[in-house]
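Enquirer: This is the structure I want to talk about, given as structure tokens.
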Amino acid sequence: MTKKLSITLGTSAALAALVFTFWPERDSPSQEPTVEPVASINAKPDAHASAPSKDTNSTRQWNSDQERDAFFIADMQGRFAPHIHIQHAQIRLIEQVISYLREHYPDDWRSRVAALLGASFPELADELLNKFDSLERYNEWLLADRKQLQQMSPEDRRQALWDKRYAAFGEDAEVIWAAEIRNQNISDALIELDQSSSSNLQEKLGSLVNVIEQNYGEHSEAFIQSRQTELMNKFIQLPSVQSSLRELPATERRAELRSLRQSLGMDEEALDRWEALDNQRDQAWSTGQDYMARREDILSRYDGSRQQEELYALQQSVFGNDAALIRQEEAAGFYRYAGQRRIGRE
């Protein structure tokens with residue numbers, strides 16, 4: 001430890017402990033590891049990022065820096081104590097400390113990190129300071145090599161990031177970036193499912209759910225429940241799934257989509273809403289494709305002002321109040337009902 005802050009912890013009832021919840025995590029499945037620093041060591045301080053509660057924002061008047069620091073420490077203890085044994089929680093604590101110090105002590109914040117970490121969790125002072133040093137070196141490398149990393153292929157970038165993470169944090173890197181590992185596993189599973197020769201969509205979705213269960217364990221149900229629409233969208237946008245859905249008649253396709261959503265745990269009310277939307281989209285695309293055929297006929301039969309008059313009349317007849325929007329889109333080169341439809345999305 002390099003320096004110590006003179007801090008007196010009060011017993012004020014105003015010290016509210018915020019619950020720090022890890023699971024289920026709110027990370028979205030992503031194919032790319034981040035190349036952003038883990039903590040914003042070199043970014044401009046955010047006036048709100050370091051405020052754990054309303055009482056620590058800039059509107060509160062403090063009698064001294066020590067009083068404000070004591071409040072911050074008590075708040076960190078209340079939030080992180082139940083999870084401080086988790087490596088990722090320690091990194092989150094360090095992020096909060098960095099943000100707080102950069103806002104309130106911008107000129108010498110680094111020199112205060114050790115004291116604030118030590119005052120927050122004395123029994124882990126050395127371990128937390130070592131993690132801060134590793135985190136700072138890792139972030140400095142990210143900032144220095146960001147352009148080079150962005151120019152790499154996804155595979156090479158991922159390998160470079162993990163090599164540096166292992167160098168900085170050892171095996172703890174797998175715990176610190178556990179969410180990214182889980183998300184990458186889900187992304188890899190989606191790629192494999194898209195390349196699978198199976199055309200059974202229920203089996204494919206079941207395989208995706210199995211991967212989620214393997215990665216999220218007892219928290220998988222909560223993860224799926226909170227991500228039903230996102231997971232469904234990622235699944236049905238796979239080219240192989242789109243191809244299978246396009247082969248089905250509209251009625252069977254709507255039934256298949258309902259069954260897939262039901263497999264992700266959507267309730268009957270939600271299923272009915274989605275089915276009504278699917279039906280509405282089917283009707284819109286049927287109307288749109290009929291419009292495109294009639295539009296092509298007009299373009300082939302008429303020229304000049306007569307062509308524009310016929311197109312205007314067709315657009316008014318088919319789209320009514322939306323006709324002006326359709327004309328604007330087409331003037332910009334966008335044809336809403338041209339090309340392949342994204343089933344389940346439009």
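Chain lettering (A, B, ...) mirrors the order of the structure tokens, residue numbering begins at 1 for each chain separately, and ligand numbering begins at 1 in order of display.
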Going by DSSP on the backbone, which residues of segment 113-222 of chain A come out as alpha helix (DSSP H)? List them as a ChimeraX atom specification.

Expert: /A:113-120,125-151,154-169,172-176,178-195,201-216,220-222

Enquirer: Could you please determine the separation between atom CA of Ala324 of chain A and atom CA of Leu311 of chain A in Å, to one decimal place?

Expert: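 Atom CA of Ala324 of chain A sits 11.7 Å away from atom CA of Leu311 of chain A.
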
Enquirer: Give me the residues within 10 Å of Glu174 of chain A as a CSV table (one decimal) with all heavy atoms, in the first residue's frame, counting only C-alpha atoms and dropping any in the same chain fewer than 4 places off.

Expert:
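As written to disk, part-v2.csv reads:
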chain,number,residue,atom,x,y,z
A,87,GLN,N,-14.3,-12.7,-9.1
A,87,GLN,CA,-13.3,-11.9,-9.8
A,87,GLN,C,-13.9,-10.8,-10.5
A,87,GLN,O,-13.4,-9.7,-10.5
A,87,GLN,CB,-12.5,-12.8,-10.7
A,87,GLN,CG,-11.7,-14.0,-10.1
A,87,GLN,CD,-10.6,-13.5,-9.2
A,87,GLN,OE1,-10.0,-12.5,-9.4
A,87,GLN,NE2,-10.4,-14.2,-8.1
A,88,HIS,N,-15.0,-11.1,-11.2
A,88,HIS,CA,-15.6,-10.0,-12.0
A,88,HIS,C,-16.1,-8.9,-11.1
A,88,HIS,O,-16.1,-7.7,-11.5
A,88,HIS,CB,-16.8,-10.6,-12.8
A,88,HIS,CG,-17.4,-9.6,-13.7
A,88,HIS,ND1,-16.7,-9.0,-14.7
A,88,HIS,CD2,-18.7,-9.1,-13.8
A,88,HIS,CE1,-17.6,-8.1,-15.4
A,88,HIS,NE2,-18.8,-8.2,-14.8
A,162,TRP,N,-7.3,-12.3,-26.1
A,162,TRP,CA,-7.2,-13.3,-25.0
A,162,TRP,C,-5.7,-13.6,-24.6
A,162,TRP,O,-5.5,-13.8,-23.4
A,162,TRP,CB,-7.9,-14.6,-25.5
A,162,TRP,CG,-9.3,-14.6,-25.2
A,162,TRP,CD1,-10.3,-14.4,-26.2
A,162,TRP,CD2,-10.0,-14.6,-24.0
A,162,TRP,NE1,-11.6,-14.4,-25.5
A,162,TRP,CE2,-11.4,-14.5,-24.2
A,162,TRP,CE3,-9.5,-14.8,-22.7
A,162,TRP,CZ2,-12.3,-14.5,-23.2
A,162,TRP,CZ3,-10.5,-14.8,-21.6
A,162,TRP,CH2,-11.8,-14.7,-21.9
A,165,ARG,N,-5.1,-10.8,-22.2
A,165,ARG,CA,-5.8,-11.0,-21.0
A,165,ARG,C,-5.2,-12.0,-20.1
A,165,ARG,O,-5.1,-11.8,-18.9
A,165,ARG,CB,-7.3,-11.4,-21.3
A,165,ARG,CG,-8.1,-10.3,-21.9
A,165,ARG,CD,-9.4,-10.8,-22.5
A,165,ARG,NE,-10.2,-9.8,-23.1
A,165,ARG,CZ,-11.3,-10.0,-23.8
A,165,ARG,NH1,-11.8,-11.2,-23.9
A,165,ARG,NH2,-12.0,-8.9,-24.3
A,166,TYR,N,-4.8,-13.2,-20.7
A,166,TYR,CA,-4.1,-14.2,-19.9
A,166,TYR,C,-2.8,-13.6,-19.4
A,166,TYR,O,-2.4,-14.0,-18.2
A,166,TYR,CB,-3.8,-15.4,-20.8
A,166,TYR,CG,-5.0,-16.3,-20.9
A,166,TYR,CD1,-5.5,-16.6,-22.2
A,166,TYR,CD2,-5.7,-16.8,-19.8
A,166,TYR,CE1,-6.6,-17.4,-22.4
A,166,TYR,CE2,-6.8,-17.6,-20.0
A,166,TYR,CZ,-7.3,-17.9,-21.2
A,166,TYR,OH,-8.4,-18.7,-21.4
A,169,PHE,N,-3.9,-11.2,-16.4
A,169,PHE,CA,-4.7,-11.7,-15.3
A,169,PHE,C,-4.6,-13.2,-15.1
A,169,PHE,O,-5.2,-13.7,-14.1
A,169,PHE,CB,-6.2,-11.4,-15.6
A,169,PHE,CG,-6.5,-9.9,-15.7
A,169,PHE,CD1,-6.6,-9.3,-16.9
A,169,PHE,CD2,-6.7,-9.1,-14.5
A,169,PHE,CE1,-6.8,-7.9,-17.0
A,169,PHE,CE2,-6.9,-7.8,-14.6
A,169,PHE,CZ,-7.0,-7.2,-15.8
A,170,GLY,N,-3.8,-13.9,-15.9
A,170,GLY,CA,-3.7,-15.3,-15.7
A,170,GLY,C,-5.0,-16.0,-15.9
A,170,GLY,O,-5.9,-15.6,-16.7
A,178,ALA,N,-16.1,-13.9,-18.2
A,178,ALA,CA,-17.0,-15.1,-18.4
A,178,ALA,C,-18.2,-14.8,-19.2
A,178,ALA,O,-18.6,-15.7,-20.0
A,178,ALA,CB,-17.4,-15.6,-17.0
A,179,ALA,N,-18.7,-13.6,-19.1
A,179,ALA,CA,-19.9,-13.3,-19.9
A,179,ALA,C,-19.6,-13.3,-21.4
A,179,ALA,O,-20.4,-13.8,-22.2
A,179,ALA,CB,-20.4,-11.9,-19.5
A,180,GLU,N,-18.4,-12.8,-21.7
A,180,GLU,CA,-18.0,-12.8,-23.2
A,180,GLU,C,-17.9,-14.2,-23.7
A,180,GLU,O,-18.2,-14.5,-24.8
A,180,GLU,CB,-16.8,-12.0,-23.4
A,180,GLU,CG,-16.3,-11.9,-24.8
A,180,GLU,CD,-15.1,-11.0,-25.0
A,180,GLU,OE1,-15.1,-9.9,-24.6
A,180,GLU,OE2,-14.1,-11.5,-25.6
A,181,ILE,N,-17.3,-15.1,-22.8
A,181,ILE,CA,-17.1,-16.5,-23.2
A,181,ILE,C,-18.5,-17.1,-23.5
A,181,ILE,O,-18.7,-17.8,-24.5
A,181,ILE,CB,-16.4,-17.3,-22.1
A,181,ILE,CG1,-14.9,-16.8,-22.0
A,181,ILE,CG2,-16.4,-18.8,-22.4
A,181,ILE,CD1,-14.1,-17.4,-20.9
